[in-house]
file start_38.pdb (PDB, N, CA and C atoms)
ATOM      1  N   MET A   1      69.971-138.016  58.328
ATOM      2  CA  MET A   1      70.110-137.871  59.755
ATOM      3  C   MET A   1      68.738-137.796  60.447
ATOM      4  N   LYS A   2      67.790-137.027  59.843
ATOM      5  CA  LYS A   2      66.459-136.920  60.432
ATOM      6  C   LYS A   2      65.750-138.265  60.441
ATOM      7  N   ILE A   3      65.921-139.031  59.368
ATOM      8  CA  ILE A   3      65.257-140.337  59.283
ATOM      9  C   ILE A   3      65.822-141.274  60.349
ATOM     10  N   ARG A   4      67.114-141.240  60.545
ATOM     11  CA  ARG A   4      67.746-142.097  61.548
ATOM     12  C   ARG A   4      67.250-141.700  62.948
ATOM     13  N   PHE A   5      67.195-140.395  63.218
ATOM     14  CA  PHE A   5      66.719-139.915  64.513
ATOM     15  C   PHE A   5      65.266-140.331  64.742
ATOM     16  N   PHE A   6      64.425-140.190  63.688
ATOM     17  CA  PHE A   6      63.019-140.581  63.800
ATOM     18  C   PHE A   6      62.901-142.086  64.061
ATOM     19  N   GLY A   7      63.703-142.912  63.401
ATOM     20  CA  GLY A   7      63.694-144.366  63.590
ATOM     21  C   GLY A   7      64.073-144.745  65.014
ATOM     22  N   ILE A   8      65.103-144.089  65.547
ATOM     23  CA  ILE A   8      65.532-144.369  66.921
ATOM     24  C   ILE A   8      64.438-143.936  67.903
ATOM     25  N   PHE A   9      63.841-142.775  67.659
ATOM     26  CA  PHE A   9      62.768-142.284  68.528
ATOM     27  C   PHE A   9      61.560-143.231  68.503
ATOM     28  N   ALA A  10      61.172-143.709  67.323
ATOM     29  CA  ALA A  10      60.040-144.629  67.192
ATOM     30  C   ALA A  10      60.342-145.947  67.906
ATOM     31  N   ALA A  11      61.537-146.476  67.759
ATOM     32  CA  ALA A  11      61.912-147.727  68.424
ATOM     33  C   ALA A  11      61.892-147.545  69.942
ATOM     34  N   PHE A  12      62.382-146.409  70.414
ATOM     35  CA  PHE A  12      62.384-146.121  71.846
ATOM     36  C   PHE A  12      60.949-146.023  72.377
ATOM     37  N   ALA A  13      60.049-145.382  71.618
ATOM     38  CA  ALA A  13      58.649-145.233  72.033
ATOM     39  C   ALA A  13      57.960-146.595  72.102
ATOM     40  N   ILE A  14      58.232-147.459  71.133
ATOM     41  CA  ILE A  14      57.634-148.800  71.139
ATOM     42  C   ILE A  14      58.166-149.606  72.314
ATOM     43  N   LEU A  15      59.455-149.531  72.545
ATOM     44  CA  LEU A  15      60.068-150.246  73.658
ATOM     45  C   LEU A  15      59.498-149.763  74.990
ATOM     46  N   LEU A  16      59.354-148.472  75.130
ATOM     47  CA  LEU A  16      58.838-147.901  76.370
ATOM     48  C   LEU A  16      57.378-148.286  76.587
ATOM     49  N   SER A  17      56.562-148.281  75.549
ATOM     50  CA  SER A  17      55.148-148.604  75.706
ATOM     51  C   SER A  17      54.939-150.081  76.029
ATOM     52  N   SER A  18      55.847-150.951  75.622
ATOM     53  CA  SER A  18      55.692-152.372  75.930
ATOM     54  C   SER A  18      56.042-152.675  77.385
ATOM     55  N   CYS A  19      56.699-151.763  78.065
ATOM     56  CA  CYS A  19      57.066-151.960  79.461
ATOM     57  C   CYS A  19      55.960-151.544  80.427
ATOM     58  N   VAL A  20      54.981-150.821  79.954
ATOM     59  CA  VAL A  20      53.908-150.337  80.818
ATOM     60  C   VAL A  20      52.973-151.501  81.148
ATOM     61  N   SER A  21      52.626-151.647  82.410
ATOM     62  CA  SER A  21      51.734-152.745  82.796
ATOM     63  C   SER A  21      50.314-152.432  82.329
ATOM     64  N   GLN A  22      49.589-153.476  82.034
ATOM     65  CA  GLN A  22      48.229-153.325  81.561
ATOM     66  C   GLN A  22      47.284-153.095  82.740
ATOM     67  N   ALA A  23      46.313-152.234  82.554
ATOM     68  CA  ALA A  23      45.320-151.959  83.602
ATOM     69  C   ALA A  23      44.364-153.139  83.699
ATOM     70  N   LYS A  24      43.984-153.485  84.901
ATOM     71  CA  LYS A  24      43.037-154.567  85.123
ATOM     72  C   LYS A  24      41.703-153.954  85.533
ATOM     73  N   THR A  25      40.648-154.548  85.027
ATOM     74  CA  THR A  25      39.323-154.053  85.382
ATOM     75  C   THR A  25      38.576-155.140  86.132
ATOM     76  N   GLU A  26      37.760-154.718  87.059
ATOM     77  CA  GLU A  26      36.902-155.625  87.798
ATOM     78  C   GLU A  26      35.494-155.083  87.756
ATOM     79  N   SER A  27      34.550-155.986  87.733
ATOM     80  CA  SER A  27      33.152-155.597  87.721
ATOM     81  C   SER A  27      32.521-155.975  89.058
ATOM     82  N   HIS A  28      31.877-155.016  89.666
ATOM     83  CA  HIS A  28      31.195-155.265  90.928
ATOM     84  C   HIS A  28      29.733-154.912  90.771
ATOM     85  N   GLY A  29      28.923-155.573  91.507
ATOM     86  CA  GLY A  29      27.500-155.270  91.468
ATOM     87  C   GLY A  29      26.691-156.486  91.837
ATOM     88  N   LYS A  30      25.415-156.321  91.781
ATOM     89  CA  LYS A  30      24.518-157.411  92.112
ATOM     90  C   LYS A  30      24.363-158.335  90.917
ATOM     91  N   GLU A  31      24.165-159.613  91.216
ATOM     92  CA  GLU A  31      23.926-160.539  90.119
ATOM     93  C   GLU A  31      22.525-160.297  89.563
ATOM     94  N   ASN A  32      22.345-160.603  88.312
ATOM     95  CA  ASN A  32      21.082-160.355  87.628
ATOM     96  C   ASN A  32      20.100-161.481  87.942
ATOM     97  N   VAL A  33      19.517-161.404  89.134
ATOM     98  CA  VAL A  33      18.615-162.452  89.591
ATOM     99  C   VAL A  33      17.537-161.838  90.481
ATOM    100  N   ALA A  34      16.374-162.441  90.471
ATOM    101  CA  ALA A  34      15.281-162.053  91.372
ATOM    102  C   ALA A  34      15.039-163.243  92.305
ATOM    103  N   TYR A  35      14.185-163.048  93.285
ATOM    104  CA  TYR A  35      13.946-164.096  94.278
ATOM    105  C   TYR A  35      12.448-164.316  94.471
ATOM    106  N   LEU A  36      12.083-165.546  94.773
ATOM    107  CA  LEU A  36      10.700-165.923  95.003
ATOM    108  C   LEU A  36      10.577-166.527  96.395
ATOM    109  N   GLN A  37       9.580-166.048  97.129
ATOM    110  CA  GLN A  37       9.244-166.630  98.423
ATOM    111  C   GLN A  37       7.760-166.965  98.414
ATOM    112  N   ILE A  38       7.428-168.114  98.982
ATOM    113  CA  ILE A  38       6.045-168.560  99.040
ATOM    114  C   ILE A  38       5.640-168.646 100.507
ATOM    115  N   PHE A  39       4.519-167.998 100.833
ATOM    116  CA  PHE A  39       4.013-167.990 102.207
ATOM    117  C   PHE A  39       2.636-168.609 102.247
ATOM    118  N   GLY A  40       2.355-169.360 103.306
ATOM    119  CA  GLY A  40       1.044-169.971 103.477
ATOM    120  C   GLY A  40       0.883-170.506 104.884
ATOM    121  N   ASP A  41      -0.309-171.041 105.155
ATOM    122  CA  ASP A  41      -0.616-171.549 106.490
ATOM    123  C   ASP A  41      -0.410-173.053 106.620
ATOM    124  N   GLU A  42      -0.896-173.801 105.650
ATOM    125  CA  GLU A  42      -1.041-175.238 105.850
ATOM    126  C   GLU A  42      -0.023-176.110 105.139
ATOM    127  N   TYR A  43       0.642-175.632 104.141
ATOM    128  CA  TYR A  43       1.420-176.498 103.266
ATOM    129  C   TYR A  43       2.885-176.526 103.690
ATOM    130  N   GLY A  44       3.481-177.710 103.717
ATOM    131  CA  GLY A  44       4.899-177.826 104.016
ATOM    132  C   GLY A  44       5.728-177.692 102.755
ATOM    133  N   GLU A  45       5.345-178.465 101.727
ATOM    134  CA  GLU A  45       6.058-178.437 100.460
ATOM    135  C   GLU A  45       5.050-178.404  99.333
ATOM    136  N   VAL A  46       5.343-177.637  98.313
ATOM    137  CA  VAL A  46       4.454-177.507  97.165
ATOM    138  C   VAL A  46       5.255-177.729  95.889
ATOM    139  N   SER A  47       4.538-177.931  94.808
ATOM    140  CA  SER A  47       5.140-178.039  93.487
ATOM    141  C   SER A  47       4.936-176.696  92.787
ATOM    142  N   VAL A  48       6.013-176.106  92.328
ATOM    143  CA  VAL A  48       5.958-174.793  91.682
ATOM    144  C   VAL A  48       6.333-174.957  90.213
ATOM    145  N   SER A  49       5.555-174.333  89.348
ATOM    146  CA  SER A  49       5.860-174.316  87.926
ATOM    147  C   SER A  49       6.014-172.862  87.499
ATOM    148  N   ILE A  50       7.189-172.520  87.000
ATOM    149  CA  ILE A  50       7.444-171.171  86.494
ATOM    150  C   ILE A  50       7.779-171.292  85.019
ATOM    151  N   ASP A  51       6.899-170.778  84.185
ATOM    152  CA  ASP A  51       7.062-170.837  82.730
ATOM    153  C   ASP A  51       7.307-172.268  82.255
ATOM    154  N   GLY A  52       6.615-173.227  82.898
ATOM    155  CA  GLY A  52       6.727-174.621  82.490
ATOM    156  C   GLY A  52       7.845-175.395  83.166
ATOM    157  N   GLN A  53       8.722-174.729  83.881
ATOM    158  CA  GLN A  53       9.815-175.399  84.602
ATOM    159  C   GLN A  53       9.346-175.685  86.020
ATOM    160  N   GLN A  54       9.367-176.948  86.399
ATOM    161  CA  GLN A  54       8.793-177.356  87.675
ATOM    162  C   GLN A  54       9.877-177.678  88.707
ATOM    163  N   PHE A  55       9.609-177.324  89.966
ATOM    164  CA  PHE A  55      10.491-177.689  91.072
ATOM    165  C   PHE A  55       9.670-177.736  92.356
ATOM    166  N   ASN A  56      10.182-178.444  93.344
ATOM    167  CA  ASN A  56       9.537-178.518  94.652
ATOM    168  C   ASN A  56      10.059-177.393  95.525
ATOM    169  N   ALA A  57       9.183-176.791  96.304
ATOM    170  CA  ALA A  57       9.567-175.660  97.157
ATOM    171  C   ALA A  57       8.909-175.809  98.520
ATOM    172  N   LYS A  58       9.589-175.331  99.522
ATOM    173  CA  LYS A  58       9.021-175.312 100.872
ATOM    174  C   LYS A  58       8.308-173.983 101.075
ATOM    175  N   VAL A  59       7.203-174.044 101.819
ATOM    176  CA  VAL A  59       6.389-172.865 102.084
ATOM    177  C   VAL A  59       6.823-172.243 103.404
ATOM    178  N   ASN A  60       7.010-170.927 103.390
ATOM    179  CA  ASN A  60       7.346-170.190 104.605
ATOM    180  C   ASN A  60       6.076-169.942 105.417
ATOM    181  N   ASP A  61       6.214-169.935 106.729
ATOM    182  CA  ASP A  61       5.087-169.683 107.629
ATOM    183  C   ASP A  61       4.621-168.241 107.466
ATOM    184  N   LYS A  62       3.342-168.067 107.215
ATOM    185  CA  LYS A  62       2.758-166.739 106.980
ATOM    186  C   LYS A  62       2.970-165.802 108.174
ATOM    187  N   GLU A  63       3.007-166.356 109.383
ATOM    188  CA  GLU A  63       3.183-165.549 110.593
ATOM    189  C   GLU A  63       4.601-164.990 110.708
ATOM    190  N   LEU A  64       5.557-165.617 110.041
ATOM    191  CA  LEU A  64       6.961-165.190 110.133
ATOM    192  C   LEU A  64       7.406-164.463 108.868
ATOM    193  N   ARG A  65       6.475-163.818 108.214
ATOM    194  CA  ARG A  65       6.743-163.179 106.921
ATOM    195  C   ARG A  65       7.817-162.107 107.027
ATOM    196  N   SER A  66       8.866-162.278 106.234
ATOM    197  CA  SER A  66       9.938-161.287 106.141
ATOM    198  C   SER A  66      10.679-161.514 104.837
ATOM    199  N   THR A  67      11.451-160.543 104.413
ATOM    200  CA  THR A  67      12.192-160.693 103.160
ATOM    201  C   THR A  67      13.411-161.584 103.334
ATOM    202  N   SER A  68      13.717-161.976 104.560
ATOM    203  CA  SER A  68      14.837-162.898 104.768
ATOM    204  C   SER A  68      14.314-164.263 105.207
ATOM    205  N   ALA A  69      13.192-164.669 104.664
ATOM    206  CA  ALA A  69      12.578-165.944 105.021
ATOM    207  C   ALA A  69      13.522-167.100 104.716
ATOM    208  N   GLU A  70      13.315-168.181 105.415
ATOM    209  CA  GLU A  70      14.201-169.338 105.314
ATOM    210  C   GLU A  70      14.261-169.927 103.902
ATOM    211  N   HIS A  71      13.126-170.018 103.242
ATOM    212  CA  HIS A  71      13.075-170.664 101.933
ATOM    213  C   HIS A  71      12.871-169.617 100.849
ATOM    214  N   THR A  72      13.940-169.298 100.156
ATOM    215  CA  THR A  72      13.938-168.299  99.096
ATOM    216  C   THR A  72      14.534-168.943  97.851
ATOM    217  N   TYR A  73      13.919-168.713  96.700
ATOM    218  CA  TYR A  73      14.332-169.366  95.465
ATOM    219  C   TYR A  73      14.713-168.321  94.421
ATOM    220  N   LYS A  74      15.831-168.566  93.732
ATOM    221  CA  LYS A  74      16.284-167.656  92.675
ATOM    222  C   LYS A  74      15.461-167.886  91.417
ATOM    223  N   ILE A  75      15.045-166.768  90.798
ATOM    224  CA  ILE A  75      14.356-166.827  89.512
ATOM    225  C   ILE A  75      14.957-165.751  88.607
ATOM    226  N   ALA A  76      14.764-165.903  87.324
ATOM    227  CA  ALA A  76      15.241-164.895  86.377
ATOM    228  C   ALA A  76      14.362-163.653  86.481
ATOM    229  N   PRO A  77      14.945-162.481  86.372
ATOM    230  CA  PRO A  77      14.120-161.265  86.350
ATOM    231  C   PRO A  77      13.208-161.268  85.127
ATOM    232  N   GLY A  78      12.047-160.625  85.265
ATOM    233  CA  GLY A  78      11.131-160.522  84.135
ATOM    234  C   GLY A  78       9.750-161.043  84.463
ATOM    235  N   ALA A  79       8.936-161.194  83.416
ATOM    236  CA  ALA A  79       7.559-161.666  83.567
ATOM    237  C   ALA A  79       7.529-163.187  83.551
ATOM    238  N   HIS A  80       6.693-163.753  84.411
ATOM    239  CA  HIS A  80       6.590-165.213  84.518
ATOM    240  C   HIS A  80       5.145-165.629  84.756
ATOM    241  N   ASP A  81       4.801-166.815  84.237
ATOM    242  CA  ASP A  81       3.556-167.486  84.583
ATOM    243  C   ASP A  81       3.900-168.480  85.677
ATOM    244  N   ILE A  82       3.229-168.380  86.816
ATOM    245  CA  ILE A  82       3.536-169.241  87.947
ATOM    246  C   ILE A  82       2.296-170.024  88.349
ATOM    247  N   SER A  83       2.514-171.289  88.667
ATOM    248  CA  SER A  83       1.441-172.163  89.141
ATOM    249  C   SER A  83       1.987-172.920  90.351
ATOM    250  N   ILE A  84       1.190-172.970  91.415
ATOM    251  CA  ILE A  84       1.593-173.679  92.628
ATOM    252  C   ILE A  84       0.540-174.742  92.934
ATOM    253  N   SER A  85       1.009-175.968  93.135
ATOM    254  CA  SER A  85       0.121-177.097  93.410
ATOM    255  C   SER A  85       0.574-177.820  94.667
ATOM    256  N   ALA A  86      -0.389-178.440  95.349
ATOM    257  CA  ALA A  86      -0.094-179.280  96.509
ATOM    258  C   ALA A  86      -1.051-180.453  96.509
ATOM    259  N   LYS A  87      -0.543-181.603  96.828
ATOM    260  CA  LYS A  87      -1.359-182.820  96.909
ATOM    261  C   LYS A  87      -2.141-183.057  95.624
ATOM    262  N   GLY A  88      -1.523-182.747  94.485
ATOM    263  CA  GLY A  88      -2.131-183.001  93.189
ATOM    264  C   GLY A  88      -3.135-181.975  92.715
ATOM    265  N   SER A  89      -3.404-180.945  93.509
ATOM    266  CA  SER A  89      -4.376-179.916  93.115
ATOM    267  C   SER A  89      -3.698-178.558  92.985
ATOM    268  N   GLU A  90      -4.100-177.829  91.946
ATOM    269  CA  GLU A  90      -3.556-176.484  91.768
ATOM    270  C   GLU A  90      -4.157-175.543  92.811
ATOM    271  N   ILE A  91      -3.282-174.837  93.518
ATOM    272  CA  ILE A  91      -3.722-173.901  94.557
ATOM    273  C   ILE A  91      -3.889-172.502  93.987
ATOM    274  N   ILE A  92      -2.904-172.107  93.178
ATOM    275  CA  ILE A  92      -2.912-170.735  92.649
ATOM    276  C   ILE A  92      -2.192-170.718  91.302
ATOM    277  N   ARG A  93      -2.676-169.872  90.411
ATOM    278  CA  ARG A  93      -2.027-169.630  89.113
ATOM    279  C   ARG A  93      -2.083-168.128  88.886
ATOM    280  N   LYS A  94      -0.936-167.538  88.568
ATOM    281  CA  LYS A  94      -0.924-166.092  88.335
ATOM    282  C   LYS A  94       0.280-165.688  87.516
ATOM    283  N   LYS A  95       0.238-164.469  87.011
ATOM    284  CA  LYS A  95       1.374-163.859  86.312
ATOM    285  C   LYS A  95       2.084-162.955  87.306
ATOM    286  N   ILE A  96       3.408-163.016  87.298
ATOM    287  CA  ILE A  96       4.197-162.139  88.167
ATOM    288  C   ILE A  96       5.256-161.438  87.337
ATOM    289  N   PHE A  97       5.741-160.326  87.849
ATOM    290  CA  PHE A  97       6.888-159.643  87.262
ATOM    291  C   PHE A  97       7.869-159.364  88.390
ATOM    292  N   ALA A  98       9.106-159.805  88.215
ATOM    293  CA  ALA A  98      10.132-159.609  89.238
ATOM    294  C   ALA A  98      11.319-158.858  88.625
ATOM    295  N   SER A  99      11.689-157.763  89.253
ATOM    296  CA  SER A  99      12.855-156.993  88.820
ATOM    297  C   SER A  99      14.119-157.614  89.398
ATOM    298  N   SER A 100      15.244-157.309  88.805
ATOM    299  CA  SER A 100      16.526-157.807  89.309
ATOM    300  C   SER A 100      16.731-157.347  90.750
ATOM    301  N   GLY A 101      17.048-158.290  91.627
ATOM    302  CA  GLY A 101      17.268-157.983  93.040
ATOM    303  C   GLY A 101      16.008-157.973  93.879
ATOM    304  N   GLU A 102      14.833-158.028  93.241
ATOM    305  CA  GLU A 102      13.560-157.966  93.967
ATOM    306  C   GLU A 102      13.218-159.321  94.585
ATOM    307  N   VAL A 103      12.619-159.277  95.762
ATOM    308  CA  VAL A 103      12.075-160.468  96.400
ATOM    309  C   VAL A 103      10.577-160.478  96.122
ATOM    310  N   LYS A 104      10.140-161.395  95.289
ATOM    311  CA  LYS A 104       8.722-161.503  94.918
ATOM    312  C   LYS A 104       8.048-162.468  95.890
ATOM    313  N   ILE A 105       6.999-162.007  96.551
ATOM    314  CA  ILE A 105       6.302-162.818  97.534
ATOM    315  C   ILE A 105       4.964-163.276  96.960
ATOM    316  N   VAL A 106       4.710-164.575  97.062
ATOM    317  CA  VAL A 106       3.433-165.142  96.642
ATOM    318  C   VAL A 106       2.806-165.784  97.870
ATOM    319  N   GLU A 107       1.609-165.341  98.190
ATOM    320  CA  GLU A 107       0.867-165.925  99.321
ATOM    321  C   GLU A 107      -0.135-166.916  98.770
ATOM    322  N   ILE A 108      -0.157-168.101  99.377
ATOM    323  CA  ILE A 108      -1.148-169.092  98.979
ATOM    324  C   ILE A 108      -2.193-169.234 100.079
ATOM    325  N   PRO A 109      -3.439-169.441  99.681
ATOM    326  CA  PRO A 109      -4.520-169.528 100.674
ATOM    327  C   PRO A 109      -4.426-170.801 101.500
TER     328      PRO A 109
END
call {"tool": "encode", "arguments": {"input": "start_38.pdb", "output": "structure tokens"}}
result
Amino acid sequence: MKIRFFGIFAAFAILLSSCVSQAKTESHGKENVAYLQIFGDEYGEVSVSIDGQQFNAKVNDKELRSTSAEHTYKIAPGAHDISISAKGSEIIRKKIFASSGEVKIVEIP
């Protein structure tokens, strides 16, 4: 009798647990990315090399410097070697470190 009662109780517990809806989880937060802005006086577009990866970028006007500048580029957080060239000549070469969510500003002469 005890075994039968235990079997019925176990079956009831399994049946009941299968009816419970599963909890859903969501992840919120900032994406793991940093940002690069380039400011200068004379250049419209420059060639940027970050750790050997090259792309063309527009230069923000130095007089309108703000963290919400028009031309902002996503970069991976961490340490980077950056080189900026215009008209075939290297303007600046430096090492930068950008934290996640940080806007890294590079001023070119």
call {"tool": "atom_distance", "arguments": {"input": "start_38.pdb", "atom1": "atom CA of A:Gly44", "atom2": "atom CA of A:Lys95"}}
result
22.8 Å
call {"tool": "atom_distance", "arguments": {"input": "start_38.pdb", "atom1": "atom C of A:Lys74", "atom2": "atom CA of A:Ala34"}}
result
5.8 Å
call {"tool": "resolve_selection", "arguments": {"input": "start_38.pdb", "expression": "the PyMOL selection byres ((chain A and resi 38) around 8)", "output": "PyMOL selection string"}}
result
chain A and resi 35-37+39-41+57-62+71-73+104-108
call {"tool": "atom_distance", "arguments": {"input": "start_38.pdb", "atom1": "atom C of A:Gly78", "atom2": "atom N of A:Ser100"}}
result
7.9 Å
call {"tool": "residues_around", "arguments": {"input": "start_38.pdb", "residues": "A:Ile96", "least_positions_apart": "4", "cutoff": "8 Å", "atoms": "only C-alpha atoms", "output": "PDB file with N, CA and C atoms, in the frame of the given file"}}
result
ATOM      1  N   ALA A  79       8.936-161.194  83.416  1.00  0.00           N
ATOM      2  CA  ALA A  79       7.559-161.666  83.567  1.00  0.00           C
ATOM      3  C   ALA A  79       7.529-163.187  83.551  1.00  0.00           C
ATOM      4  N   HIS A  80       6.693-163.753  84.411  1.00  0.00           N
ATOM      5  CA  HIS A  80       6.590-165.213  84.518  1.00  0.00           C
ATOM      6  C   HIS A  80       5.145-165.629  84.756  1.00  0.00           C
ATOM      7  N   ASP A  81       4.801-166.815  84.237  1.00  0.00           N
ATOM      8  CA  ASP A  81       3.556-167.486  84.583  1.00  0.00           C
ATOM      9  C   ASP A  81       3.900-168.480  85.677  1.00  0.00           C
ATOM     10  N   ILE A  82       3.229-168.380  86.816  1.00  0.00           N
ATOM     11  CA  ILE A  82       3.536-169.241  87.947  1.00  0.00           C
ATOM     12  C   ILE A  82       2.296-170.024  88.349  1.00  0.00           C
TER      13      ILE A  82
END
call {"tool": "residues_around", "arguments": {"input": "start_38.pdb", "residues": "A:Gly101", "least_positions_apart": "4", "cutoff": "8 Å", "atoms": "only N, CA and C atoms", "output": "ChimeraX atom specification"}}
result
/A:30-35,76-77
call {"tool": "axis_aligned_box", "arguments": {"input": "start_38.pdb", "around": "stretch 56-64 of chain A", "padding_each_side": "8 Å", "output": "lines of an AutoDock Vina configuration file"}}
result
center_x = 6.5
center_y = -171.5
center_z = 102.0
size_x = 23.4
size_y = 30.1
size_z = 33.4
call {"tool": "resolve_selection", "arguments": {"input": "start_38.pdb", "expression": "the PyMOL selection byres ((chain A and resi 52) around 8)", "output": "ChimeraX atom specification"}}
result
/A:48-51,53-55,80-83
call {"tool": "closest_residue", "arguments": {"input": "start_38.pdb", "among": "A:Asn56, A:Ile75, A:Pro109, A:Glu45", "to": "A:Ile91", "atoms": "all atoms listed in the file"}}
result
A:Pro109
